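K.L.:
I am sharing final.txt, which consists of compact mmCIF, C-alpha atoms and all ligand atoms:
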```
# COMPACT_ATOMS: atom_id res chain seq x y z
CA MET A 1 11.28 72.84 -65.99
CA ALA A 2 12.44 74.39 -62.72
CA ASP A 3 15.66 73.38 -60.96
CA ALA A 4 14.82 70.53 -58.58
CA THR A 5 18.33 70.20 -57.09
CA TRP A 6 17.12 71.59 -53.75
CA PHE A 7 14.32 69.00 -53.69
CA THR A 8 16.70 66.09 -54.22
CA ASN A 9 19.18 67.41 -51.66
CA ASP A 10 16.49 68.00 -49.03
CA ARG A 11 15.16 64.42 -49.26
CA PHE A 12 12.65 64.68 -46.38
CA GLY A 13 9.54 66.82 -45.89
CA MET A 14 6.39 67.13 -43.80
CA PHE A 15 2.97 66.71 -45.42
CA ILE A 16 -0.09 68.11 -43.60
CA HIS A 17 -3.73 67.25 -44.24
CA TRP A 18 -5.85 69.68 -42.26
CA GLY A 19 -9.28 71.18 -42.86
CA ILE A 20 -12.87 71.38 -41.68
CA TYR A 21 -13.01 67.54 -41.89
CA SER A 22 -10.49 67.42 -39.00
CA ASN A 23 -13.24 68.10 -36.46
CA PRO A 24 -15.57 65.20 -37.38
CA ALA A 25 -12.33 63.19 -37.71
CA GLY A 26 -13.89 60.19 -39.46
CA ILE A 27 -17.15 60.07 -37.49
CA TRP A 28 -20.49 61.22 -38.92
CA GLN A 29 -23.86 61.08 -37.12
CA GLY A 30 -22.25 58.88 -34.49
CA LYS A 31 -20.87 56.32 -36.91
CA LYS A 32 -17.44 55.66 -38.43
CA ILE A 33 -17.54 56.83 -42.05
CA THR A 34 -17.25 54.33 -44.87
CA HIS A 35 -14.17 55.81 -46.53
CA GLU A 36 -10.75 54.95 -45.07
CA TYR A 37 -9.62 58.59 -45.17
CA SER A 38 -11.30 61.16 -42.91
CA GLU A 39 -10.82 63.97 -45.46
CA TRP A 40 -13.21 62.10 -47.78
CA LEU A 41 -16.11 62.63 -45.33
CA GLN A 42 -18.32 64.67 -47.69
CA SER A 43 -18.02 62.09 -50.43
CA SER A 44 -18.05 59.04 -48.22
CA GLU A 45 -21.42 59.93 -46.64
CA THR A 46 -22.70 61.95 -49.66
CA ILE A 47 -23.51 64.74 -47.23
CA PRO A 48 -25.60 67.55 -48.79
CA ARG A 49 -23.29 70.50 -49.49
CA LYS A 50 -25.05 72.97 -47.21
CA GLU A 51 -24.88 70.48 -44.33
CA TYR A 52 -21.21 69.66 -44.88
CA GLN A 53 -20.25 73.31 -45.23
CA LYS A 54 -21.68 74.02 -41.77
CA LEU A 55 -18.41 72.44 -40.56
CA ALA A 56 -16.71 75.69 -41.57
CA GLY A 57 -18.86 77.49 -39.01
CA ILE A 58 -17.36 75.42 -36.18
CA PHE A 59 -13.75 75.48 -37.42
CA ASN A 60 -11.94 77.47 -34.73
CA PRO A 61 -8.57 75.77 -34.04
CA GLU A 62 -7.45 77.82 -31.04
CA GLY A 63 -4.55 75.43 -30.46
CA PHE A 64 -3.01 76.23 -33.85
CA ASP A 65 0.53 77.61 -33.63
CA ALA A 66 2.31 77.78 -36.99
CA ASP A 67 5.68 78.27 -35.33
CA GLU A 68 5.17 75.11 -33.25
CA TRP A 69 4.27 73.05 -36.34
CA ILE A 70 7.29 74.21 -38.33
CA ARG A 71 9.59 73.78 -35.34
CA GLU A 72 8.39 70.15 -35.02
CA ALA A 73 9.05 69.64 -38.72
CA ALA A 74 12.52 71.20 -38.60
CA ASN A 75 13.45 69.26 -35.45
CA ALA A 76 12.35 66.05 -37.14
CA GLY A 77 14.91 66.80 -39.86
CA MET A 78 12.30 67.83 -42.43
CA LYS A 79 13.63 70.43 -44.86
CA TYR A 80 10.33 71.28 -46.56
CA PHE A 81 6.65 71.53 -45.64
CA LEU A 82 3.59 70.71 -47.73
CA ILE A 83 0.00 71.48 -46.70
CA THR A 84 -3.44 70.98 -48.22
CA SER A 85 -4.19 74.54 -49.27
CA LYS A 86 -7.47 73.25 -50.76
CA HIS A 87 -8.44 69.60 -50.66
CA HIS A 88 -11.25 67.90 -52.61
CA ASP A 89 -13.99 69.57 -50.51
CA GLY A 90 -12.98 72.94 -51.97
CA PHE A 91 -12.40 74.64 -48.60
CA CYS A 92 -9.43 77.06 -48.67
CA LEU A 93 -6.96 77.61 -45.82
CA TRP A 94 -6.22 81.17 -46.96
CA PRO A 95 -8.33 84.33 -47.61
CA SER A 96 -8.87 83.70 -51.31
CA LYS A 97 -10.42 86.41 -53.45
CA PHE A 98 -11.86 83.67 -55.67
CA SER A 99 -13.92 81.76 -53.14
CA THR A 100 -15.50 82.91 -49.88
CA TYR A 101 -15.45 79.25 -48.81
CA ASN A 102 -12.26 79.93 -46.91
CA VAL A 103 -10.85 80.14 -43.41
CA VAL A 104 -11.16 83.94 -43.12
CA ASP A 105 -14.58 84.50 -44.71
CA ALA A 106 -16.38 81.33 -43.60
CA THR A 107 -15.08 80.41 -40.12
CA PRO A 108 -14.92 82.01 -36.66
CA PHE A 109 -11.13 81.55 -36.79
CA GLN A 110 -10.66 84.24 -39.45
CA ARG A 111 -6.88 83.87 -39.67
CA ASP A 112 -4.72 83.32 -42.74
CA ILE A 113 -3.37 79.85 -41.92
CA LEU A 114 -1.16 79.62 -45.02
CA GLY A 115 0.23 83.10 -44.36
CA GLU A 116 1.18 82.21 -40.78
CA LEU A 117 2.78 78.95 -41.93
CA ALA A 118 4.69 80.67 -44.75
CA ALA A 119 6.13 83.17 -42.22
CA ALA A 120 7.11 80.36 -39.84
CA CYS A 121 8.77 78.45 -42.70
CA LEU A 122 10.84 81.52 -43.61
CA LYS A 123 11.85 81.91 -39.96
CA HIS A 124 12.97 78.28 -39.63
CA GLY A 125 14.53 77.92 -43.10
CA VAL A 126 11.93 75.35 -44.18
CA LYS A 127 10.62 75.48 -47.77
CA ILE A 128 6.83 75.67 -48.17
CA GLY A 129 4.72 73.92 -50.79
CA PHE A 130 0.99 73.49 -51.41
CA TYR A 131 -1.16 70.50 -52.13
CA TYR A 132 -3.96 71.83 -54.40
CA SER A 133 -6.88 69.66 -55.54
CA HIS A 134 -7.04 70.93 -59.14
CA TRP A 135 -9.34 68.21 -60.48
CA MET A 136 -11.86 67.57 -57.76
CA ASP A 137 -13.75 70.31 -55.97
CA TRP A 138 -16.94 69.40 -54.17
CA ASP A 139 -18.10 72.94 -53.37
CA GLY A 140 -20.40 73.13 -56.38
CA SER A 141 -18.24 75.46 -58.45
CA GLY A 142 -17.88 72.91 -61.25
CA GLY A 143 -14.99 70.75 -60.10
CA ASP A 144 -15.37 67.03 -60.56
CA VAL A 145 -17.23 65.35 -57.73
CA CYS A 146 -16.40 61.72 -58.43
CA MET A 147 -18.24 61.02 -55.18
CA GLY A 148 -18.17 57.73 -53.40
CA ASP A 149 -21.89 57.51 -54.03
CA ARG A 150 -21.36 56.77 -57.71
CA PHE A 151 -20.88 53.23 -56.52
CA LEU A 152 -24.34 53.35 -54.95
CA ALA A 153 -27.47 52.38 -56.80
CA ALA A 154 -28.77 55.41 -58.71
CA GLU A 155 -31.82 55.90 -56.45
CA LYS A 156 -29.55 56.02 -53.37
CA ARG A 157 -27.28 58.71 -54.73
CA ASN A 158 -27.40 62.35 -53.68
CA PRO A 159 -28.75 64.19 -56.78
CA GLU A 160 -26.67 67.24 -55.80
CA TYR A 161 -23.51 65.45 -56.82
CA VAL A 162 -23.84 65.15 -60.54
CA ARG A 163 -20.52 65.11 -62.35
CA PRO A 164 -20.04 68.46 -64.15
CA THR A 165 -20.37 69.03 -67.88
CA GLN A 166 -17.16 69.99 -69.68
CA ALA A 167 -18.41 73.58 -69.76
CA GLU A 168 -19.09 73.59 -66.01
CA PHE A 169 -15.64 72.17 -65.34
CA GLN A 170 -14.11 74.80 -67.63
CA GLY A 171 -15.91 77.43 -65.59
CA TYR A 172 -14.37 76.04 -62.39
CA TRP A 173 -10.98 75.83 -64.11
CA ASN A 174 -11.10 79.47 -65.29
CA ASN A 175 -12.78 81.03 -62.25
CA LYS A 176 -11.38 79.06 -59.32
CA CYS A 177 -8.50 76.69 -60.10
CA LEU A 178 -6.19 78.86 -62.25
CA PRO A 179 -6.86 82.14 -60.36
CA GLN A 180 -6.24 80.43 -57.00
CA VAL A 181 -2.96 78.83 -58.07
CA ARG A 182 -1.86 82.24 -59.36
CA GLU A 183 -3.01 83.80 -56.06
CA LEU A 184 -1.08 81.27 -53.97
CA ILE A 185 2.12 82.07 -55.86
CA GLU A 186 1.58 85.83 -55.58
CA LEU A 187 0.80 85.67 -51.84
CA TYR A 188 3.19 83.00 -50.53
CA ASP A 189 5.92 82.33 -53.16
CA PRO A 190 5.89 78.52 -52.72
CA TRP A 191 8.73 76.20 -53.69
CA PHE A 192 6.40 73.55 -55.15
CA PHE A 193 2.84 72.42 -55.88
CA TRP A 194 1.55 68.92 -55.22
CA PHE A 195 -1.42 68.38 -57.52
CA ASP A 196 -3.45 65.24 -56.98
CA SER A 197 -4.84 62.52 -59.20
CA TRP A 198 -4.59 58.77 -59.25
CA ASN A 199 -6.39 57.30 -62.23
CA LYS A 200 -7.63 58.04 -65.71
CA ASP A 201 -10.98 59.47 -64.51
CA ILE A 202 -9.20 62.84 -64.49
CA ASN A 203 -8.82 62.69 -68.28
CA GLU A 204 -12.53 63.45 -68.76
CA TYR A 205 -11.83 66.97 -67.54
CA VAL A 206 -8.10 67.73 -67.26
CA THR A 207 -6.86 67.31 -70.83
CA PRO A 208 -3.18 67.58 -71.84
CA LYS A 209 -4.00 71.20 -72.74
CA HIS A 210 -5.31 71.89 -69.24
CA GLN A 211 -2.25 70.19 -67.75
CA ASP A 212 0.15 72.31 -69.82
CA GLU A 213 -1.83 75.44 -69.04
CA LEU A 214 -1.46 74.83 -65.29
CA ILE A 215 2.23 73.87 -65.46
CA ASP A 216 3.02 76.85 -67.70
CA LEU A 217 1.17 79.13 -65.27
CA VAL A 218 3.36 77.96 -62.37
CA HIS A 219 6.64 77.96 -64.32
CA GLY A 220 5.76 81.30 -65.91
CA MET A 221 5.23 82.99 -62.54
CA SER A 222 8.07 81.42 -60.56
CA ASP A 223 11.61 80.38 -61.50
CA LYS A 224 11.84 78.03 -58.54
CA CYS A 225 8.38 76.47 -58.08
CA LEU A 226 8.20 72.76 -58.91
CA VAL A 227 5.20 70.81 -60.18
CA ASN A 228 4.63 67.11 -59.44
CA SER A 229 3.50 64.31 -61.75
CA ARG A 230 0.20 63.59 -59.99
CA ILE A 231 -1.15 66.57 -61.92
CA ASN A 232 -2.04 63.59 -64.10
CA PHE A 233 -0.79 60.41 -62.41
CA GLU A 234 -1.20 58.16 -65.46
CA ALA A 235 -0.14 60.67 -68.13
CA PRO A 236 2.13 63.35 -66.66
CA SER A 237 3.65 65.99 -68.92
CA GLU A 238 7.40 65.86 -69.48
CA LYS A 239 7.36 69.37 -68.02
CA CYS A 240 6.61 68.03 -64.53
CA ASP A 241 9.60 68.55 -62.25
CA PHE A 242 9.30 65.54 -59.97
CA LEU A 243 7.45 62.24 -59.85
CA SER A 244 4.95 61.47 -57.07
CA MET A 245 4.32 57.82 -56.33
CA MET A 246 0.93 56.53 -55.24
CA ASP A 247 0.17 56.95 -51.54
CA ASN A 248 2.50 54.93 -49.31
CA SER A 249 4.00 53.29 -52.40
CA PHE A 250 7.73 52.52 -52.12
CA PRO A 251 9.37 51.49 -55.41
CA GLU A 252 12.04 48.82 -55.80
CA THR A 253 14.08 50.97 -58.22
CA GLY A 254 14.70 54.71 -58.63
CA PHE A 255 13.96 57.05 -61.53
CA ALA A 256 15.92 59.45 -63.72
CA LYS A 257 13.74 62.36 -62.54
CA PRO A 258 13.58 63.50 -58.90
CA TRP A 259 10.82 61.57 -57.17
CA GLU A 260 9.06 61.12 -53.87
CA THR A 261 6.72 58.93 -51.93
CA SER A 262 4.15 60.56 -49.66
CA GLY A 263 3.19 58.41 -46.70
CA THR A 264 1.19 58.44 -43.52
CA LEU A 265 2.13 58.06 -39.88
CA ASN A 266 -0.88 55.80 -39.41
CA HIS A 267 -3.46 55.27 -42.20
CA SER A 268 -5.75 58.27 -42.75
CA TRP A 269 -4.26 61.48 -44.17
CA GLY A 270 -6.65 63.72 -42.28
CA TYR A 271 -6.97 63.19 -38.52
CA HIS A 272 -9.20 60.14 -37.89
CA SER A 273 -10.19 59.60 -34.26
CA LEU A 274 -10.43 55.82 -34.77
CA ASP A 275 -7.18 55.33 -36.70
CA PHE A 276 -4.76 53.59 -34.35
CA SER A 277 -2.64 51.85 -37.00
CA TRP A 278 0.54 53.75 -36.20
CA ASN A 279 3.75 52.92 -38.03
CA SER A 280 6.73 52.43 -35.73
CA THR A 281 9.47 55.04 -35.84
CA GLU A 282 11.87 52.37 -37.09
CA GLN A 283 9.55 51.54 -40.00
CA LEU A 284 9.14 55.22 -40.86
CA LEU A 285 12.92 55.67 -40.88
CA LYS A 286 13.29 52.62 -43.13
CA TYR A 287 10.90 54.22 -45.62
CA LEU A 288 13.03 57.36 -45.63
CA ILE A 289 16.34 55.48 -45.87
CA GLY A 290 14.98 53.06 -48.47
CA ASN A 291 13.83 55.86 -50.77
CA ALA A 292 17.09 57.81 -50.25
CA SER A 293 19.07 54.66 -51.20
CA LEU A 294 17.20 54.74 -54.52
CA GLY A 295 17.68 58.51 -54.95
CA GLY A 296 14.15 59.44 -53.81
CA ASN A 297 12.43 61.62 -51.20
CA TYR A 298 9.95 60.87 -48.46
CA GLN A 299 7.12 63.20 -47.43
CA LEU A 300 5.65 62.11 -44.10
CA ASN A 301 2.09 63.21 -43.35
CA VAL A 302 0.68 64.54 -40.09
CA GLY A 303 -3.09 64.97 -39.69
CA PRO A 304 -3.52 67.69 -37.03
CA MET A 305 -6.64 67.52 -34.86
CA GLY A 306 -9.48 70.02 -35.21
CA THR A 307 -7.90 72.00 -32.36
CA GLY A 308 -4.80 72.61 -34.47
CA GLU A 309 -2.64 70.33 -32.33
CA PHE A 310 -0.66 67.24 -33.36
CA GLN A 311 -1.60 63.96 -31.69
CA PRO A 312 0.88 62.78 -29.02
CA ALA A 313 1.62 59.63 -31.08
CA ALA A 314 2.60 61.89 -34.01
CA ILE A 315 4.80 64.11 -31.87
CA LYS A 316 6.56 61.09 -30.37
CA ARG A 317 7.43 59.68 -33.81
CA LEU A 318 8.54 63.05 -35.20
CA ARG A 319 10.89 63.61 -32.27
CA GLU A 320 12.29 60.07 -32.41
CA ILE A 321 12.95 60.52 -36.13
CA GLY A 322 14.60 63.84 -35.33
CA CYS A 323 16.96 62.15 -32.84
CA TRP A 324 18.06 59.65 -35.51
CA MET A 325 18.44 62.40 -38.12
CA ALA A 326 20.49 64.51 -35.71
CA VAL A 327 23.32 61.92 -35.75
CA ASN A 328 22.72 60.26 -39.16
CA GLY A 329 21.21 63.00 -41.36
CA GLU A 330 24.46 63.28 -43.35
CA SER A 331 23.68 59.79 -44.72
CA ILE A 332 20.41 61.13 -46.18
CA TYR A 333 20.69 64.81 -47.17
CA GLY A 334 22.38 65.51 -50.50
CA THR A 335 23.35 61.87 -51.01
CA GLN A 336 23.18 59.83 -54.19
CA ALA A 337 21.55 56.46 -54.74
CA ASN A 338 23.27 53.20 -53.85
CA PRO A 339 25.92 52.62 -56.56
CA ILE A 340 26.71 48.99 -55.73
CA GLY A 341 23.42 47.16 -56.03
CA LYS A 342 21.29 45.40 -53.41
CA VAL A 343 22.98 44.05 -50.27
CA PRO A 344 21.40 41.55 -47.83
CA TRP A 345 22.38 43.43 -44.70
CA GLY A 346 20.66 46.79 -45.33
CA ARG A 347 20.75 49.85 -47.58
CA VAL A 348 23.50 52.11 -49.01
CA THR A 349 23.69 55.81 -49.87
CA MET A 350 26.68 57.66 -51.28
CA ARG A 351 28.41 61.04 -51.24
CA SER A 352 31.29 62.17 -53.49
CA LEU A 353 33.66 64.24 -51.36
CA PRO A 354 35.35 67.52 -52.38
CA ASP A 355 38.80 65.89 -51.99
CA GLY A 356 37.95 63.35 -54.70
CA ASN A 357 37.32 60.54 -52.24
CA THR A 358 33.99 58.74 -51.79
CA ARG A 359 31.91 58.11 -48.69
CA LEU A 360 29.46 55.21 -48.62
CA TYR A 361 26.86 55.14 -45.84
CA LEU A 362 26.14 51.56 -44.84
CA HIS A 363 22.68 51.39 -43.24
CA LEU A 364 22.82 48.22 -41.15
CA TRP A 365 19.35 46.68 -40.93
CA ASN A 366 19.90 42.92 -40.68
CA VAL A 367 23.28 42.61 -38.99
CA THR A 368 24.62 40.57 -36.09
CA PRO A 369 27.15 42.73 -34.21
CA GLY A 370 30.68 41.44 -34.69
CA THR A 371 30.04 39.90 -38.09
CA ALA A 372 31.83 40.93 -41.30
CA LEU A 373 29.73 42.54 -44.04
CA LEU A 374 30.73 42.44 -47.69
CA VAL A 375 30.48 45.68 -49.63
CA PRO A 376 30.70 43.93 -53.01
CA GLY A 377 32.60 44.79 -56.17
CA LEU A 378 34.69 47.69 -54.83
CA LYS A 379 38.36 47.98 -55.81
CA ASN A 380 38.98 51.26 -53.98
CA THR A 381 41.41 51.42 -51.09
CA PRO A 382 39.41 51.72 -47.87
CA ILE A 383 40.52 54.64 -45.67
CA SER A 384 38.25 54.25 -42.64
CA ALA A 385 34.90 52.97 -41.38
CA THR A 386 33.14 54.69 -38.48
CA VAL A 387 29.82 54.15 -36.71
CA MET A 388 28.16 57.58 -37.11
CA GLU A 389 26.20 57.58 -33.85
CA SER A 390 29.03 56.44 -31.57
CA GLY A 391 32.17 57.41 -33.47
CA GLN A 392 33.42 53.86 -32.98
CA ALA A 393 35.89 52.61 -35.61
CA ALA A 394 34.90 49.47 -37.51
CA LEU A 395 37.47 47.01 -38.87
CA VAL A 396 37.74 47.33 -42.66
CA GLU A 397 39.81 45.40 -45.19
CA GLY A 398 39.95 44.97 -48.95
CA GLY A 399 39.38 41.56 -50.48
CA LYS A 400 38.95 40.12 -53.95
CA GLU A 401 35.12 40.20 -53.73
CA GLY A 402 35.08 43.76 -52.47
CA ILE A 403 35.56 45.43 -49.09
CA TRP A 404 34.83 43.68 -45.80
CA VAL A 405 33.53 45.78 -42.90
CA THR A 406 33.15 44.21 -39.46
CA ALA A 407 30.18 45.49 -37.51
CA PRO A 408 31.38 46.22 -33.94
CA ILE A 409 30.00 44.18 -31.08
CA GLU A 410 28.72 47.31 -29.28
CA LEU A 411 26.09 48.10 -31.97
CA LYS A 412 23.15 46.54 -30.16
CA GLY A 413 22.06 49.75 -28.39
CA ILE A 414 21.90 51.74 -31.62
CA VAL A 415 18.68 52.01 -33.67
CA LEU A 416 19.35 51.50 -37.40
CA PRO A 417 23.12 52.06 -37.13
CA VAL A 418 25.00 53.69 -40.02
CA ILE A 419 28.67 53.09 -40.80
CA ALA A 420 30.44 55.81 -42.84
CA LEU A 421 32.92 53.99 -45.11
CA GLU A 422 35.54 56.32 -46.59
CA LEU A 423 37.16 55.16 -49.85
CA ARG A 424 40.06 56.62 -51.79
CA GLY A 425 39.09 58.21 -55.09
CA ASN A 426 35.93 57.81 -57.13
CA LEU A 427 34.19 54.47 -57.23
CA ASN A 428 35.82 52.07 -59.63
C1 LIG A 501 -5.43 61.10 -52.65
C2 LIG A 501 -6.52 61.89 -51.91
O1 LIG A 501 -7.79 61.47 -52.35
C3 LIG A 501 -6.35 61.65 -50.43
O2 LIG A 501 -7.36 62.29 -49.72
C4 LIG A 501 -4.97 62.20 -50.00
O3 LIG A 501 -4.93 63.60 -50.22
C5 LIG A 501 -3.87 61.48 -50.83
C6 LIG A 501 -2.51 62.08 -50.57
O4 LIG A 501 -4.14 61.60 -52.23
O5 LIG A 501 -5.52 59.76 -52.26
C7 LIG A 501 -5.90 58.76 -53.07
C8 LIG A 501 -7.14 58.69 -53.65
C9 LIG A 501 -7.50 57.57 -54.39
C10 LIG A 501 -6.57 56.57 -54.58
C11 LIG A 501 -5.33 56.66 -54.00
C12 LIG A 501 -5.02 57.75 -53.25
N1 LIG A 501 -6.88 55.41 -55.35
O6 LIG A 501 -7.99 55.35 -55.94
O7 LIG A 501 -6.03 54.48 -55.40
```
Any chance you could put this one into structure tokens?
P.N.:
Amino acid sequence: MADATWFTNDRFGMFIHWGIYSNPAGIWQGKKITHEYSEWLQSSETIPRKEYQKLAGIFNPEGFDADEWIREAANAGMKYFLITSKHHDGFCLWPSKFSTYNVVDATPFQRDILGELAAACLKHGVKIGFYYSHWMDWDGSGGDVCMGDRFLAAEKRNPEYVRPTQAEFQGYWNNKCLPQVRELIELYDPWFFWFDSWNKDINEYVTPKHQDELIDLVHGMSDKCLVNSRINFEAPSEKCDFLSMMDNSFPETGFAKPWETSGTLNHSWGYHSLDFSWNSTEQLLKYLIGNASLGGNYQLNVGPMGTGEFQPAAIKRLREIGCWMAVNGESIYGTQANPIGKVPWGRVTMRSLPDGNTRLYLHLWNVTPGTALLVPGLKNTPISATVMESGQAALVEGGKEGIWVTAPIELKGIVLPVIALELRGNLN
């Protein structure tokens, strides 16, 4: 196991889904593709490999600026950055020695995207991690295809996409998967890997032995690099360093291990030109706060366009989140889960202070300004209560049920206000 303290302290990261599917962006031969996610294009439309791989020949994102991406992430308050180094289609965003189906050898762009992003992350103090599709690889090298067409009647399926034999998968595992994960560590020194699976179909190919082999490879090469539990979602090894929930899945309770939810700004992970189901900034912040109140992380995905630029709706939300984090980030970073149980008026995070006192962060979600809120069960002497964004003092008094905090009248202009409640001593 690697030390995941940094992961828990950082709480909030950017996820990027970007690849040759970002140009079609959910449209194929003039029609919206069947699958909900644009990055599933090849599978969704069972496109013959040679035809799909022509997309590499038009991948030339002249608007790509790694520094701009990482600056947007850092300004949004994101402490780490995760990108699809290789998604299910098998296309690689770095000049891999183990597959010429990559951005330098197969596209007119011919730049090392991961290398430029790793340099920008170092410059901005953001930790880099890689999503790597270890199970599925649709490039014909033996990864599982598990194509959408398997739901089609046999005569309608694309005969190219036959699920591999165990031997073929082992060939992919030995000649592409393991060497590429090793290569990514050697070239870019990542802080974590995000492997992907979601049901027991993976067990036909990735056995517990395969899982241990991959985890041991990562832990053997790097003292710091973490591995997530979606390496086998339904049967993760104890050696995994953090738990990954299902997409956009926000649990009601936390876990003993570090954990995270990865979610989308709208619906599709990869850029989809017809996906207008944008989450509001307030909802996105509630996902972050909610997970932090249970001791978990939130990884928020951006699907850059084929040009390499973020959509305006994405930029707007990232910058609005960044404004909230600029004044309230202390209530998220390095905090512990809510120690007092559910409250009707919002969420709670906690920080133990060096002087032995305790600070509770009261995230006011359902509060009428001027009303008194009960922070139940506390016997500590309250020292102060302050609205973090405005610095305004809030009335606080101890009572037999706990501590009463009165939300100031002037809260109405503040989005998702947070009151920092300082208590004497440790919680008792
Ligand atoms: C998986 C990927 O397939 C997807 O493209 C994206 O990378 C996401 C982060 O991870 O998404 C899935 C796939 C299938 C299910 C759920 C999420 N499923 O069957 O419930």
K.L.:
Using all atoms listed in the file, determine which residues fall within 6 Å of ligand LIG 501 (chain A), then list them as a count of residues only.
P.N.:
4
K.L.:
Need to verify the contact set: range 388-393 of chain A, 7 Å, all atoms listed in the file, exclusion of same-chain residues closer than 3 positions in sequence. Can you return it as a list of chain:residue names?
P.N.:
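Non-adjacent residues within range: A:Val327, A:Asn328, A:Ala385, A:Val418, A:Ile419, A:Ala420.
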K.L.:
Go through range 122-142 of chain A residue by residue and, counting all atoms listed in the file, keep those with an atom at most 12 Å from range 1-25 of chain A; for each kept residue give the shortest atom pair and its distance in Å to one decimal, ordered by chain and increasing number, as a tab-separated table.
P.N.:
```
residue	atom	partner	partner_atom	distance
A:Gly125	CA	A:Asp10	CA	11.7
A:Val126	CA	A:Gly13	CA	9.0
A:Lys127	CA	A:Gly13	CA	8.9
A:Ile128	CA	A:Gly13	CA	9.5
A:Gly129	CA	A:Phe15	CA	9.2
A:Phe130	CA	A:Phe15	CA	9.3
A:Tyr131	CA	A:Phe15	CA	8.7
A:Tyr132	CA	A:His17	CA	11.1
A:Ser133	CA	A:His17	CA	12.0
```
K.L.:
I'd like to know which of A:Met246, A:Ile215, A:Met221, A:Leu82 is closest to Leu300 in chain A, using only C-alpha atoms.
P.N.:
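Checking each candidate against Leu300 in chain A, we get A:Leu82 as the closest.
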K.L.:
Distance CA of Gly254 in chain A-CA of Ile403 in chain A, one decimal place?
P.N.:
24.7 Å
K.L.:
Need the shell around range 189-194 of chain A: protein/DNA/RNA residues with any atom at most 9 Å away, counting all atoms listed in the file. Skip same-chain ones fewer than 2 positions apart. Format as a list in words?
P.N.:
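My list of contacting residues is Tyr80, Leu82, Thr84, Ala118, Lys127, Ile128, Gly129, Phe130, Tyr131, Tyr132, Ser133, Val181, Leu184, Ile185, Glu186, Leu187, Asp196, Val218, Ser222, Lys224, Cys225, Leu226, Val227, Asn228, Ser229, Arg230, Ile231 and Ser244 of chain A.
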K.L.:
Take the point (35.1, 52.8, -47.8) in the file's coordinates, draw a sphere of radius 8 Å around it, and report as a ChimeraX atom specification every protein, DNA or RNA residue with an atom inside or on it, counting all atoms listed in the file.
P.N.:
/A:358-360,380-385,396,403,420-424
